[in-house]
Every structure is written in C-alpha cells, then in structure tokens.
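File shown: model_22.txt (compact mmCIF, C-alpha atoms and all ligand atoms).
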# COMPACT_ATOMS: atom_id res chain seq x y z
CA MET A 1 114.99 78.45 112.59
CA HIS A 2 112.53 77.83 109.81
CA VAL A 3 110.49 74.62 109.79
CA PRO A 4 108.96 74.56 106.32
CA PHE A 5 106.11 72.07 106.80
CA CYS A 6 102.37 72.78 106.89
CA ALA A 7 99.51 70.30 106.88
CA ARG A 8 97.89 72.38 104.10
CA ALA A 9 98.21 75.88 102.70
CA CYS A 10 95.96 78.49 104.30
CA ASP A 11 94.09 80.55 101.73
CA PHE A 12 95.85 83.84 102.61
CA CYS A 13 99.41 82.59 103.07
CA ASN A 14 102.32 82.85 100.66
CA PHE A 15 105.06 81.67 103.03
CA TYR A 16 107.28 78.95 101.69
CA GLN A 17 106.00 75.57 102.92
CA GLU A 18 105.94 71.91 101.95
CA ARG A 19 103.66 68.99 102.79
CA PRO A 20 105.44 66.84 105.37
CA ASP A 21 106.44 63.22 104.85
CA ARG A 22 108.57 61.04 107.11
CA THR A 23 111.67 60.92 104.90
CA GLY A 24 111.47 64.63 104.09
CA ILE A 25 111.34 65.53 107.77
CA GLN A 26 114.28 63.27 108.69
CA ASP A 27 116.37 64.70 105.82
CA TYR A 28 115.41 68.21 106.91
CA LEU A 29 116.47 67.55 110.52
CA ALA A 30 119.81 66.09 109.41
CA ALA A 31 120.42 69.13 107.19
CA MET A 32 119.53 71.49 110.06
CA GLU A 33 122.10 69.77 112.27
CA ARG A 34 124.71 70.11 109.55
CA GLU A 35 123.86 73.75 108.77
CA PHE A 36 124.16 74.72 112.43
CA ALA A 37 127.48 72.84 112.74
CA LEU A 38 128.80 74.54 109.60
CA TYR A 39 127.70 78.07 110.55
CA PRO A 40 127.39 78.21 114.33
CA PRO A 41 126.61 81.52 116.02
CA ALA A 42 129.86 83.34 116.73
CA ARG A 43 128.70 84.39 120.20
CA PRO A 44 126.06 83.38 122.74
CA PHE A 45 122.56 84.29 121.56
CA GLU A 46 119.69 85.75 123.61
CA THR A 47 116.69 84.47 121.68
CA VAL A 48 115.60 81.52 119.57
CA PHE A 49 112.55 81.62 117.30
CA TRP A 50 111.18 78.56 115.52
CA GLY A 51 108.84 79.77 112.82
CA GLY A 52 107.45 78.40 109.63
CA GLY A 53 105.63 76.76 108.22
CA THR A 54 104.36 75.03 111.32
CA PRO A 55 107.13 73.89 113.70
CA GLY A 56 104.48 72.44 116.00
CA LEU A 57 103.57 69.97 113.26
CA LEU A 58 106.70 67.94 114.02
CA LYS A 59 106.33 64.92 116.29
CA ALA A 60 107.62 65.22 119.87
CA GLU A 61 110.72 63.13 119.05
CA ASP A 62 111.52 65.38 116.06
CA LEU A 63 111.04 68.51 118.15
CA ARG A 64 113.47 67.05 120.68
CA ARG A 65 116.00 66.33 117.94
CA LEU A 66 115.74 69.90 116.63
CA GLY A 67 115.92 71.17 120.21
CA ARG A 68 119.20 69.37 120.83
CA ILE A 69 120.83 71.68 118.26
CA ILE A 70 120.05 74.60 120.56
CA GLN A 71 120.72 72.72 123.79
CA ASN A 72 124.20 71.77 122.57
CA ALA A 73 125.02 75.39 121.73
CA ASP A 74 126.12 78.10 124.16
CA THR A 75 122.82 79.05 125.78
CA ARG A 76 124.18 80.94 128.74
CA HIS A 77 122.53 84.20 127.56
CA LEU A 78 119.31 82.65 126.27
CA ARG A 79 116.31 84.71 127.50
CA GLU A 80 113.51 83.65 125.18
CA TRP A 81 112.77 80.62 123.00
CA THR A 82 109.61 80.82 120.91
CA VAL A 83 107.92 78.04 118.96
CA GLU A 84 105.06 78.71 116.55
CA MET A 85 102.22 76.20 116.66
CA ALA A 86 98.93 75.69 114.85
CA PRO A 87 96.00 74.95 117.20
CA GLY A 88 95.15 71.70 115.41
CA SER A 89 98.60 70.17 116.00
CA VAL A 90 99.11 71.03 119.68
CA ARG A 91 99.52 67.82 121.73
CA GLU A 92 100.52 67.37 125.35
CA ASP A 93 103.59 65.23 124.59
CA LYS A 94 104.90 67.91 122.21
CA LEU A 95 104.40 70.69 124.75
CA GLU A 96 106.06 68.58 127.44
CA SER A 97 109.07 68.08 125.19
CA LEU A 98 109.26 71.78 124.40
CA ARG A 99 109.00 72.72 128.05
CA GLU A 100 111.68 70.22 129.04
CA MET A 101 114.11 71.50 126.42
CA GLY A 102 113.70 75.09 127.66
CA VAL A 103 111.14 76.69 125.32
CA THR A 104 109.70 79.75 127.07
CA ARG A 105 107.10 81.00 124.63
CA VAL A 106 104.45 79.43 122.38
CA SER A 107 102.91 81.48 119.59
CA MET A 108 99.68 80.16 118.12
CA GLY A 109 98.06 81.21 114.83
CA VAL A 110 94.43 81.38 115.93
CA GLN A 111 93.31 84.08 113.45
CA SER A 112 89.68 83.93 114.61
CA PHE A 113 87.42 82.25 117.17
CA ASP A 114 84.60 82.21 114.61
CA ASP A 115 84.39 78.80 112.91
CA GLY A 116 82.68 80.31 109.86
CA LEU A 117 85.48 82.84 109.32
CA LEU A 118 88.14 80.17 109.93
CA GLU A 119 86.59 78.05 107.23
CA ARG A 120 86.59 80.99 104.83
CA LEU A 121 90.32 81.46 105.50
CA GLY A 122 91.06 77.81 104.83
CA ARG A 123 92.38 77.41 108.40
CA PRO A 124 92.26 73.75 109.35
CA HIS A 125 91.15 74.22 112.98
CA THR A 126 88.09 75.09 115.04
CA ARG A 127 87.40 77.25 118.09
CA ARG A 128 87.18 74.06 120.15
CA GLN A 129 90.67 73.03 119.12
CA VAL A 130 91.97 76.51 119.99
CA ASP A 131 90.56 76.14 123.50
CA GLN A 132 91.97 72.64 123.91
CA ALA A 133 95.39 73.94 122.85
CA ILE A 134 95.19 76.91 125.25
CA ASP A 135 94.27 74.57 128.12
CA LEU A 136 97.40 72.53 127.43
CA ILE A 137 99.64 75.60 127.12
CA ARG A 138 98.34 76.77 130.51
CA LYS A 139 98.75 73.31 132.02
CA LEU A 140 102.40 73.18 130.97
CA GLU A 141 102.92 76.68 132.42
CA PHE A 142 104.78 78.34 129.58
CA PRO A 143 106.10 81.67 130.89
CA ASN A 144 104.79 83.54 127.84
CA TRP A 145 102.36 82.70 125.05
CA ASN A 146 100.87 84.57 122.15
CA LEU A 147 97.73 84.35 120.05
CA ASP A 148 97.69 85.72 116.49
CA LEU A 149 94.42 87.22 115.25
CA MET A 150 93.53 88.52 111.79
CA PHE A 151 91.07 91.23 110.80
CA ALA A 152 89.45 92.82 107.76
CA LEU A 153 88.61 89.28 106.61
CA PRO A 154 86.13 88.77 103.77
CA GLY A 155 82.65 89.13 105.19
CA GLN A 156 83.87 89.98 108.70
CA THR A 157 81.93 92.71 110.50
CA LEU A 158 83.30 95.03 113.14
CA THR A 159 81.06 93.27 115.64
CA GLN A 160 82.63 89.93 114.76
CA TRP A 161 86.10 91.46 115.10
CA GLU A 162 85.22 92.86 118.50
CA ALA A 163 83.94 89.40 119.53
CA ASP A 164 87.26 87.86 118.45
CA ILE A 165 89.29 90.35 120.47
CA ARG A 166 87.10 89.84 123.52
CA ALA A 167 87.32 86.07 123.13
CA ALA A 168 91.11 86.33 122.98
CA MET A 169 91.32 88.60 126.02
CA GLU A 170 89.05 86.31 128.04
CA ARG A 171 91.67 83.61 127.64
CA GLU A 172 94.29 85.97 129.10
CA PRO A 173 97.31 85.39 126.86
CA PRO A 174 100.29 87.50 127.97
CA HIS A 175 100.80 88.56 124.32
CA LEU A 176 98.49 89.24 121.37
CA SER A 177 99.29 89.98 117.72
CA THR A 178 96.66 91.36 115.36
CA TYR A 179 97.24 91.41 111.61
CA CYS A 180 95.28 93.08 108.86
CA LEU A 181 94.56 90.61 106.04
CA THR A 182 96.64 91.25 102.94
CA PHE A 183 96.01 89.63 99.59
CA GLU A 184 99.34 88.08 98.64
CA GLU A 185 99.90 87.16 95.04
CA ASP A 186 99.24 83.54 94.02
CA THR A 187 97.37 82.63 97.19
CA THR A 188 93.88 81.14 97.02
CA LEU A 189 92.41 84.35 98.42
CA TRP A 190 94.25 86.43 95.84
CA VAL A 191 92.78 84.29 93.05
CA ARG A 192 89.32 84.78 94.55
CA LEU A 193 89.97 88.53 94.67
CA GLN A 194 90.89 88.52 90.98
CA LYS A 195 87.66 86.66 90.20
CA GLY A 196 85.65 89.21 92.16
CA GLN A 197 84.50 86.59 94.68
CA VAL A 198 85.91 88.58 97.61
CA HIS A 199 86.65 92.27 98.04
CA LYS A 200 89.46 94.19 99.62
CA ARG A 201 88.47 96.58 102.41
CA SER A 202 88.88 100.30 101.89
CA GLU A 203 91.49 102.16 103.96
CA VAL A 204 88.69 103.72 105.99
CA GLU A 205 87.24 100.29 106.80
CA GLU A 206 90.66 98.90 107.72
CA ALA A 207 91.27 101.89 109.99
CA ALA A 208 88.03 101.14 111.82
CA PHE A 209 89.20 97.56 112.46
CA TYR A 210 92.60 98.78 113.68
CA GLU A 211 91.13 101.35 116.02
CA ARG A 212 88.55 98.99 117.47
CA ALA A 213 91.39 96.61 118.38
CA TRP A 214 93.59 99.34 119.84
CA ASP A 215 90.79 100.67 122.08
CA LEU A 216 89.64 97.28 123.31
CA LEU A 217 93.12 95.92 123.96
CA ALA A 218 94.14 99.07 125.84
CA SER A 219 91.04 98.78 128.02
CA GLY A 220 92.00 95.16 128.72
CA GLY A 221 95.48 96.10 129.95
CA TYR A 222 97.42 95.17 126.81
CA GLY A 223 100.08 97.71 125.96
CA GLN A 224 100.70 98.31 122.29
CA TYR A 225 104.41 98.17 121.53
CA GLU A 226 104.22 97.86 117.75
CA VAL A 227 101.52 98.50 115.15
CA SER A 228 100.38 94.86 115.34
CA ASN A 229 101.70 93.72 118.72
CA PHE A 230 100.36 94.00 122.27
CA ALA A 231 101.52 92.58 125.57
CA ARG A 232 101.02 92.65 129.29
CA PRO A 233 103.90 94.55 130.92
CA GLY A 234 107.12 92.55 130.61
CA TYR A 235 105.83 90.13 127.95
CA SER A 236 106.89 91.80 124.68
CA CYS A 237 108.63 89.49 122.22
CA ILE A 238 112.36 90.06 122.76
CA HIS A 239 113.24 88.33 119.48
CA ASN A 240 111.09 90.64 117.39
CA LEU A 241 112.30 93.75 119.22
CA ASN A 242 115.87 92.73 118.41
CA THR A 243 114.96 92.39 114.73
CA TRP A 244 113.07 95.68 114.53
CA ARG A 245 115.97 97.49 116.19
CA MET A 246 118.16 96.14 113.38
CA HIS A 247 120.57 94.13 115.48
CA GLU A 248 121.91 90.81 114.21
CA TRP A 249 120.24 87.45 113.74
CA LEU A 250 121.07 84.13 112.10
CA GLY A 251 118.50 82.06 110.23
CA TYR A 252 118.68 78.30 109.67
CA GLY A 253 116.52 76.23 107.35
CA PRO A 254 115.00 76.93 103.94
CA SER A 255 113.64 80.44 103.55
CA ALA A 256 115.23 81.65 106.81
CA SER A 257 116.82 85.08 106.72
CA SER A 258 119.95 86.38 108.42
CA GLN A 259 121.54 89.71 109.17
CA LEU A 260 125.14 89.53 110.26
CA GLY A 261 128.08 91.90 109.97
CA GLN A 262 127.77 93.81 106.73
CA ARG A 263 125.41 91.39 105.00
CA ARG A 264 121.79 90.32 104.89
CA TRP A 265 120.56 87.22 103.05
CA THR A 266 117.79 84.65 102.82
CA ASN A 267 118.24 80.91 102.40
CA ALA A 268 116.71 79.42 99.24
CA HIS A 269 112.93 79.04 99.39
CA ASP A 270 113.32 75.42 98.42
CA LEU A 271 113.92 72.48 100.74
CA GLU A 272 115.98 70.51 98.23
CA ALA A 273 118.14 73.40 97.02
CA TRP A 274 118.78 74.47 100.61
CA ALA A 275 119.64 70.90 101.72
CA THR A 276 121.99 70.40 98.74
CA GLY A 277 123.71 73.70 99.57
CA VAL A 278 124.17 72.54 103.15
CA ALA A 279 125.43 69.09 102.11
CA THR A 280 128.05 70.60 99.79
CA ALA A 281 128.89 73.51 102.13
CA ARG A 282 127.92 75.88 99.32
CA PRO A 283 124.91 77.63 100.84
CA ALA A 284 122.00 78.34 98.48
CA ARG A 285 121.17 81.96 99.28
CA VAL A 286 118.91 84.50 97.63
CA ASP A 287 118.42 88.25 98.06
CA GLU A 288 121.92 88.74 99.44
CA VAL A 289 122.66 92.42 99.98
CA ALA A 290 125.57 94.40 101.36
CA LEU A 291 124.39 96.41 104.33
CA THR A 292 125.25 100.04 103.77
CA PRO A 293 124.89 102.49 106.69
CA ASN A 294 122.08 104.09 104.70
CA LEU A 295 120.12 100.85 104.38
CA LEU A 296 120.49 100.04 108.08
CA ALA A 297 119.59 103.60 109.09
CA GLN A 298 116.55 103.52 106.78
CA ASP A 299 115.35 100.22 108.26
CA CYS A 300 115.91 101.49 111.80
CA VAL A 301 113.61 104.42 111.00
CA VAL A 302 110.95 102.35 109.17
CA PHE A 303 110.73 99.59 111.79
CA GLY A 304 111.46 101.95 114.68
CA LEU A 305 108.51 104.17 113.82
CA ARG A 306 106.23 101.13 113.78
CA MET A 307 107.12 100.60 117.43
CA ASN A 308 105.50 102.72 120.12
CA GLU A 309 108.95 103.51 121.52
CA GLY A 310 109.68 105.28 118.21
CA ILE A 311 113.20 106.36 117.29
CA ASP A 312 115.90 108.41 118.95
CA LEU A 313 117.27 110.30 115.97
CA CYS A 314 120.39 111.58 117.77
CA HIS A 315 121.28 108.04 118.76
CA LEU A 316 120.71 106.74 115.22
CA GLN A 317 122.76 109.56 113.73
CA LYS A 318 125.64 108.55 115.99
CA ARG A 319 125.16 104.86 115.09
CA TYR A 320 125.13 105.59 111.33
CA PRO A 321 126.89 108.93 110.80
CA ASP A 322 127.22 108.36 107.04
CA ALA A 323 123.52 107.78 106.32
CA ASP A 324 121.52 110.29 104.31
CA TRP A 325 119.98 112.07 107.33
CA PRO A 326 119.43 115.46 105.60
CA ALA A 327 117.07 113.71 103.15
CA LEU A 328 115.00 112.42 106.07
CA ASP A 329 114.82 115.76 107.92
CA THR A 330 112.47 117.34 105.41
CA LEU A 331 110.11 114.37 105.46
CA LEU A 332 110.03 114.18 109.26
CA ALA A 333 109.30 117.92 109.51
CA GLN A 334 106.41 117.47 107.09
CA LEU A 335 105.03 114.50 109.05
CA VAL A 336 105.19 116.52 112.27
CA GLU A 337 103.35 119.36 110.50
CA GLU A 338 100.64 116.89 109.45
CA ALA A 339 100.38 115.61 113.04
CA LEU A 340 101.40 112.09 111.96
CA ILE A 341 104.57 112.19 114.07
CA GLU A 342 105.25 113.79 117.43
CA VAL A 343 108.53 114.46 119.20
CA THR A 344 108.88 114.00 122.94
CA GLU A 345 112.24 114.27 124.65
CA ALA A 346 114.20 113.47 121.49
CA ARG A 347 112.05 110.45 120.61
CA TRP A 348 110.07 110.57 117.37
CA THR A 349 106.91 108.48 117.49
CA LEU A 350 103.88 108.03 115.27
CA THR A 351 100.68 109.60 116.51
CA ARG A 352 97.54 107.48 116.43
CA SER A 353 96.72 108.86 112.95
CA GLY A 354 100.30 108.19 111.90
CA ARG A 355 100.10 104.61 113.15
CA LEU A 356 97.12 104.05 110.84
CA LEU A 357 99.36 105.15 107.96
CA ALA A 358 102.48 103.27 109.11
CA ASP A 359 102.92 101.43 105.80
CA ALA A 360 102.66 104.61 103.72
CA ILE A 361 105.02 106.45 106.07
CA GLY A 362 107.50 103.55 105.81
CA SER A 363 107.40 103.83 102.01
CA ALA A 364 107.93 107.59 102.23
CA VAL A 365 111.00 107.07 104.47
CA ILE A 366 112.42 104.56 101.98
CA GLY A 367 111.71 106.99 99.13
CA ALA A 368 113.47 109.82 100.97
CA MET A 369 116.56 107.85 102.03
CA ASP A 370 116.71 105.43 99.13
CA ALA A 371 119.85 106.48 97.28
CA ASP A 372 122.15 103.45 97.02
CA ALA A 373 120.44 101.59 99.81
CA LEU A 374 119.87 98.32 98.02
CA ALA A 375 123.27 97.74 96.49
CA PRO A 376 123.54 94.04 95.65
CA ALA A 377 126.28 92.18 97.49
CA SER A 378 129.44 91.77 95.44
S1 LIG A 401 99.54 80.57 107.75
FE1 LIG A 401 101.01 79.28 108.84
S2 LIG A 401 99.99 77.26 108.88
FE2 LIG A 401 98.93 78.43 107.29
S3 LIG A 401 100.03 77.91 105.39
FE3 LIG A 401 100.98 79.77 106.22
S4 LIG A 401 102.73 79.06 107.40
FE4 LIG A 401 101.36 77.28 107.09
Any chance you could put this one into structure tokens?
Amino acid sequence: MHVPFCARACDFCNFYQERPDRTGIQDYLAAMEREFALYPPARPFETVFWGGGTPGLLKAEDLRRLGRIIQNADTRHLREWTVEMAPGSVREDKLESLREMGVTRVSMGVQSFDDGLLERLGRPHTRRQVDQAIDLIRKLEFPNWNLDLMFALPGQTLTQWEADIRAAMEREPPHLSTYCLTFEEDTTLWVRLQKGQVHKRSEVEEAAFYERAWDLLASGGYGQYEVSNFARPGYSCIHNLNTWRMHEWLGYGPSASSQLGQRRWTNAHDLEAWATGVATARPARVDEVALTPNLLAQDCVVFGLRMNEGIDLCHLQKRYPDADWPALDTLLAQLVEEALIEVTEARWTLTRSGRLLADAIGSAVIGAMDADALAPAS
C-alpha cells in the first residue's frame, strides 16, 4: 500500500510524493478504502508492506483507519506487516497504534548517522532523532525492524561510511539495507550534478564502499541475502523475497504496482487521477504489460541472481518451459568463465566480483533474453 505523502522531498529521491494536508489525507484514506473494496485480494495474503512516501507521517488515528482495511480482510496467513517510517515522524502513539493493529516490522530511512551528510542529502532529521525513534521501536518490541543506510554520498569518505555501518550495528537492528546513491533525473542532487557542484563516484570507488559494508556486516553477524540487504538469521524481509522470486502482489494507492495473473501494472503517479479512477471504478493505470513466460523468466533470473540464494535453473526451466533459455545459456557460460557466477549443486549464484557488477549482469540477462519480453498489454 502506497502512502504518497512526505514532509519535504529529499534531494536524491524521485519517488512520487505529495505534501500532506488534512483534506488530502482524508480523501486519500477514503479512496484507499474504496480501492480495496473494489479489488480485494482473491486469497489470503502473507505479507503487507506500507511504503511511500512516508506512511509514518500519518497521525495515529489515520494509521488506525488505514490499518482497519487490513484488519477487516482475511489475515489468517499474514506473517509480516511492514511500515516505512522517517525518523523525524516516529511518535509513541503511532507506534502503539501500529503494534496494536498487528504491524510486525518497522523500516526506517536513516541513510546516515552523520548530521553533516544528512544535511547534504536534504534529509529532515538528525542522529538524535534517529536514536529517539530507535528507543521507541525497541520499547514497543516490534519483532523485526530495519534501518536503511546510503553510501557513496557526495563528500563521504570510506571512514565515514565505516562509522555509519558501525553506528547502525551498535543499535542492533535485526535487518539492515544499504543502498548506493544514484542520481535520479530531476532530483535536486541530479541538478547539482549537472551544474558540477557534486560528482558521481567511479565504479572502483563504489566497489570499495560496497565491499567495506559487506566485510563489516558479515563480521557483525549480518547475513547478506541480497546485494543491498542483510539480516540476522530468520529476519529477512518476506515481502521483498516474494517480490524478487516473481510471485504475485497487489498494490493499492497512487504509484503502487501490482503483479497478478498474466499482468503487471502501476497505478497512476498522481493522487487525483488515481482517486478519480477509484471513484469511477475505472482504475488509472500506467505501464500495464502482459506477462509473457519470457518476461517472468527473465525477471526471475535478474532478481534471483541479486539474491545470495541465486537461481535454480532446472526449477525455472520447469516453471517457464517456453522462455528463451538457449539465449541465456551462452551468457551464463561466459559469466562462469569470467568467474562472475559459480554453480553449486544446481544453484547459480554471483561470486563476490559478480555481485559488484550485479546491475551490469542484470542488463546483460535482459539483453540476452529480451525478444518479445515487454509486449504491451492489449
Ligand atoms: S526518500 Fe522517502 S521521505 Fe525522502 S522524499 Fe523520498 S519517499 Fe519521501
């Protein structure tokens, strides 16, 4: 479920978001109730993920209203319910409400513990607020919680990055995500890049940041289960694993994406257009594609290789017998030859060097299997 409100836009972010106002939030909540009633899940779901935007920006009473949508559904198989929060908007009454309604996991966009770097990212919080928020999350005893960190930031040294990772580990979150900064078009940082005020790191520099994180987190007992994701045993994000394994999911709210049956789509990146579509039962969707076996197989390989569990090719070939597997064979053989992929007991996984090139390998897989993969939905 996508909650599209943020207090302000962070300098690096190009996610769809709006400034909140009381009427806008009430209209949004009413439209969410209607959208869920119009298109309810066809079977009991295992995970719920509230992302954004900043879901945690909503008041406790609004969180409870949104929560009732889930509570009134068939939750008998629900195993994980995540809510994303920004450190500056964490309050005890909100966390109490979330805990009471059954939320099991809080994910917090910390990005850095260094106030100077936070300011340079346009993040509206401080290290002190992060610690206050963590204290509350602990107090309310959420079964799982995550901190997001970012690296390769303008002006950030490897020593500063190491300090951030150590600071995060000292707080003992069960889950940690680490993301390399990307310069997304039309963000404040991107404009500064165009003006030459900040510089993009070289691949070699980025690799050093990645590897420093991998070594430190491993020494702290965090198992890597995806290029950017680490957890104590048993605390991986079930929702994300489901997505990366290309199962099904349903998105509600503006900008939310869904994959169901033979189709994949995204709701309009526009609160008003989405709400009008919901009100008239004519959903405003963009990027709707028909899911061919080749597209699903390709995504299973791309996202599967990013995970440390890798892919079981025999299993995938049985799942999608009509995909263009011969086209992939040559590429995989070449990647094994270059020591970027290794094969152990029928599982194909990226080596450490391969993991550093995960994006490029993903593009190569898409190039190899492309064919008619992105046929628009008719
Ligand atoms: S990073 Fe998160 S809080 Fe910042 S603008 Fe993007 S969605 Fe909003």
Axis-aligned box for ligand LIG 401 (chain A), 6 Å per side, centre and edges in Å as lines of an AutoDock Vina configuration file:
center_x = 100.8
center_y = 78.9
center_z = 107.1
size_x = 15.8
size_y = 15.3
size_z = 15.5
Please report as a tab-separated table every residue of chain A lying within 12 Å of ligand LIG 401 (chain A), along with the nearest atom pair and their distance in Å (one decimal), using all atoms listed in the file.
residue	atom	partner	partner_atom	distance
A:His2	CA	A:LIG401	S4	10.2
A:Val3	CA	A:LIG401	S4	9.3
A:Pro4	CA	A:LIG401	S4	7.8
A:Phe5	CA	A:LIG401	FE4	7.1
A:Cys6	CA	A:LIG401	FE4	4.6
A:Ala7	CA	A:LIG401	FE4	7.2
A:Arg8	CA	A:LIG401	S3	6.1
A:Ala9	CA	A:LIG401	S3	3.8
A:Cys10	CA	A:LIG401	FE2	4.2
A:Asp11	CA	A:LIG401	S3	7.5
A:Phe12	CA	A:LIG401	S1	7.1
A:Cys13	CA	A:LIG401	FE3	4.5
A:Asn14	CA	A:LIG401	FE3	6.5
A:Phe15	CA	A:LIG401	FE3	5.5
A:Tyr16	CA	A:LIG401	S4	7.3
A:Gln17	CA	A:LIG401	FE4	6.5
A:Glu18	CA	A:LIG401	FE4	8.7
A:Arg19	CA	A:LIG401	FE4	9.6
A:Pro20	CA	A:LIG401	FE4	11.3
A:Trp50	CA	A:LIG401	S4	11.7
A:Gly51	CA	A:LIG401	S4	8.2
A:Gly52	CA	A:LIG401	S4	5.3
A:Gly53	CA	A:LIG401	S4	3.8
A:Thr54	CA	A:LIG401	S2	5.5
A:Pro55	CA	A:LIG401	S2	9.3
A:Gly56	CA	A:LIG401	S2	9.7
A:Leu57	CA	A:LIG401	S2	9.2
A:Glu84	CA	A:LIG401	FE1	8.7
A:Met85	CA	A:LIG401	S2	8.2
A:Ala86	CA	A:LIG401	S2	6.3
A:Pro87	CA	A:LIG401	S2	9.5
A:Gly88	CA	A:LIG401	S2	9.8
A:Ser89	CA	A:LIG401	S2	10.1
A:Ser107	CA	A:LIG401	FE1	11.1
A:Met108	CA	A:LIG401	FE1	9.4
A:Gly109	CA	A:LIG401	FE1	7.0
A:Val110	CA	A:LIG401	S1	9.7
A:Gln111	CA	A:LIG401	S1	9.1
A:Leu118	CA	A:LIG401	FE2	11.2
A:Leu121	CA	A:LIG401	FE2	9.3
A:Gly122	CA	A:LIG401	FE2	8.3
A:Arg123	CA	A:LIG401	FE2	6.7
A:Pro124	CA	A:LIG401	FE2	8.4
A:His125	CA	A:LIG401	S2	10.2
A:Asp148	CA	A:LIG401	S1	10.3
A:Leu149	CA	A:LIG401	S1	11.3
A:Met150	CA	A:LIG401	S1	10.8
A:Tyr179	CA	A:LIG401	S1	11.7
A:Leu181	CA	A:LIG401	S1	11.3
A:Glu184	CA	A:LIG401	FE3	11.4
A:Thr187	CA	A:LIG401	S3	9.8
A:Thr188	CA	A:LIG401	S3	10.9
A:Ser255	CA	A:LIG401	S4	11.7
Just-selected residues, C-alpha atoms written as a tab-separated table (two decimals), in the coordinates of the input:
chain	number	residue	atom	x	y	z
A	2	HIS	CA	112.53	77.83	109.81
A	3	VAL	CA	110.49	74.62	109.79
A	4	PRO	CA	108.96	74.56	106.32
A	5	PHE	CA	106.11	72.07	106.80
A	6	CYS	CA	102.37	72.78	106.89
A	7	ALA	CA	99.51	70.30	106.88
A	8	ARG	CA	97.89	72.38	104.10
A	9	ALA	CA	98.21	75.88	102.70
A	10	CYS	CA	95.96	78.49	104.30
A	11	ASP	CA	94.09	80.55	101.73
A	12	PHE	CA	95.85	83.84	102.61
A	13	CYS	CA	99.41	82.59	103.07
A	14	ASN	CA	102.32	82.85	100.66
A	15	PHE	CA	105.06	81.67	103.03
A	16	TYR	CA	107.28	78.95	101.69
A	17	GLN	CA	106.00	75.57	102.92
A	18	GLU	CA	105.94	71.91	101.95
A	19	ARG	CA	103.66	68.99	102.79
A	20	PRO	CA	105.44	66.84	105.37
A	50	TRP	CA	111.18	78.56	115.52
A	51	GLY	CA	108.84	79.77	112.82
A	52	GLY	CA	107.45	78.40	109.63
A	53	GLY	CA	105.63	76.76	108.22
A	54	THR	CA	104.36	75.03	111.32
A	55	PRO	CA	107.13	73.89	113.70
A	56	GLY	CA	104.48	72.44	116.00
A	57	LEU	CA	103.57	69.97	113.26
A	84	GLU	CA	105.06	78.71	116.55
A	85	MET	CA	102.22	76.20	116.66
A	86	ALA	CA	98.93	75.69	114.85
A	87	PRO	CA	96.00	74.95	117.20
A	88	GLY	CA	95.15	71.70	115.41
A	89	SER	CA	98.60	70.17	116.00
A	107	SER	CA	102.91	81.48	119.59
A	108	MET	CA	99.68	80.16	118.12
A	109	GLY	CA	98.06	81.21	114.83
A	110	VAL	CA	94.43	81.38	115.93
A	111	GLN	CA	93.31	84.08	113.45
A	118	LEU	CA	88.14	80.17	109.93
A	121	LEU	CA	90.32	81.46	105.50
A	122	GLY	CA	91.06	77.81	104.83
A	123	ARG	CA	92.38	77.41	108.40
A	124	PRO	CA	92.26	73.75	109.35
A	125	HIS	CA	91.15	74.22	112.98
A	148	ASP	CA	97.69	85.72	116.49
A	149	LEU	CA	94.42	87.22	115.25
A	150	MET	CA	93.53	88.52	111.79
A	179	TYR	CA	97.24	91.41	111.61
A	181	LEU	CA	94.56	90.61	106.04
A	184	GLU	CA	99.34	88.08	98.64
A	187	THR	CA	97.37	82.63	97.19
A	188	THR	CA	93.88	81.14	97.02
A	255	SER	CA	113.64	80.44	103.55
List every residue of segment 236-283 of chain A that has an atom at most 9 Å from any atom of segment 31-35 of chain A, giving for each one its closest atom pair and the distance in Å to one decimal, counting only C-alpha atoms, sorted by chain and then by ascending residue number, as CSV.
residue,atom,partner,partner_atom,distance
A:Tyr252,CA,A:Met32,CA,6.9
A:Gly253,CA,A:Met32,CA,6.2
A:Trp274,CA,A:Ala31,CA,8.6
A:Ala275,CA,A:Ala31,CA,5.8
A:Thr276,CA,A:Ala31,CA,8.7
A:Val278,CA,A:Glu35,CA,5.8
A:Ala279,CA,A:Ala31,CA,7.1
A:Ala281,CA,A:Glu35,CA,8.3
A:Pro283,CA,A:Glu35,CA,8.9
* To do: Counting only C-alpha atoms, write as a PyMOL selection string all protein and nucleic acid residues lying at most 10 Å from (123.2, 85.1, 120.5) in the file's frame.
  => chain A and resi 41-48+73-79+248-250
* Structure fact -> The distance between atom CA of Asp359 of chain A and atom CA of Val302 of chain A is 8.8 Å
* To do: Taking the point (121.0, 110.0, 113.8) as given in the file, collect each protein or nucleic acid residue that comes within 12 Å of it, counting all atoms listed in the file, and present the set as a list of chain:residue names.
  =>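 Residues found, by chain and rising number: A:Pro293, A:Asn294, A:Leu296, A:Ala297, A:Gln298, A:Cys300, A:Val301, A:Ile311, A:Asp312, A:Leu313, A:Cys314, A:His315, A:Leu316, A:Gln317, A:Lys318, A:Arg319, A:Tyr320, A:Pro321, A:Asp322, A:Ala323, A:Asp324, A:Trp325, A:Pro326, A:Ala327, A:Leu328, A:Asp329, A:Ala346, A:Arg347, A:Trp348.
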Can those selected residues be exported to a file as an mmCIF file, in the coordinates of the input so that it contains C-alpha atoms?
data_model
loop_
_atom_site.group_PDB
_atom_site.id
_atom_site.type_symbol
_atom_site.label_atom_id
_atom_site.label_comp_id
_atom_site.auth_asym_id
_atom_site.auth_seq_id
_atom_site.Cartn_x
_atom_site.Cartn_y
_atom_site.Cartn_z
ATOM 1 C CA PRO A 293 124.890 102.490 106.690
ATOM 2 C CA ASN A 294 122.080 104.090 104.700
ATOM 3 C CA LEU A 296 120.490 100.040 108.080
ATOM 4 C CA ALA A 297 119.590 103.600 109.090
ATOM 5 C CA GLN A 298 116.550 103.520 106.780
ATOM 6 C CA CYS A 300 115.910 101.490 111.800
ATOM 7 C CA VAL A 301 113.610 104.420 111.000
ATOM 8 C CA ILE A 311 113.200 106.360 117.290
ATOM 9 C CA ASP A 312 115.900 108.410 118.950
ATOM 10 C CA LEU A 313 117.270 110.300 115.970
ATOM 11 C CA CYS A 314 120.390 111.580 117.770
ATOM 12 C CA HIS A 315 121.280 108.040 118.760
ATOM 13 C CA LEU A 316 120.710 106.740 115.220
ATOM 14 C CA GLN A 317 122.760 109.560 113.730
ATOM 15 C CA LYS A 318 125.640 108.550 115.990
ATOM 16 C CA ARG A 319 125.160 104.860 115.090
ATOM 17 C CA TYR A 320 125.130 105.590 111.330
ATOM 18 C CA PRO A 321 126.890 108.930 110.800
ATOM 19 C CA ASP A 322 127.220 108.360 107.040
ATOM 20 C CA ALA A 323 123.520 107.780 106.320
ATOM 21 C CA ASP A 324 121.520 110.290 104.310
ATOM 22 C CA TRP A 325 119.980 112.070 107.330
ATOM 23 C CA PRO A 326 119.430 115.460 105.600
ATOM 24 C CA ALA A 327 117.070 113.710 103.150
ATOM 25 C CA LEU A 328 115.000 112.420 106.070
ATOM 26 C CA ASP A 329 114.820 115.760 107.920
ATOM 27 C CA ALA A 346 114.200 113.470 121.490
ATOM 28 C CA ARG A 347 112.050 110.450 120.610
ATOM 29 C CA TRP A 348 110.070 110.570 117.370
#
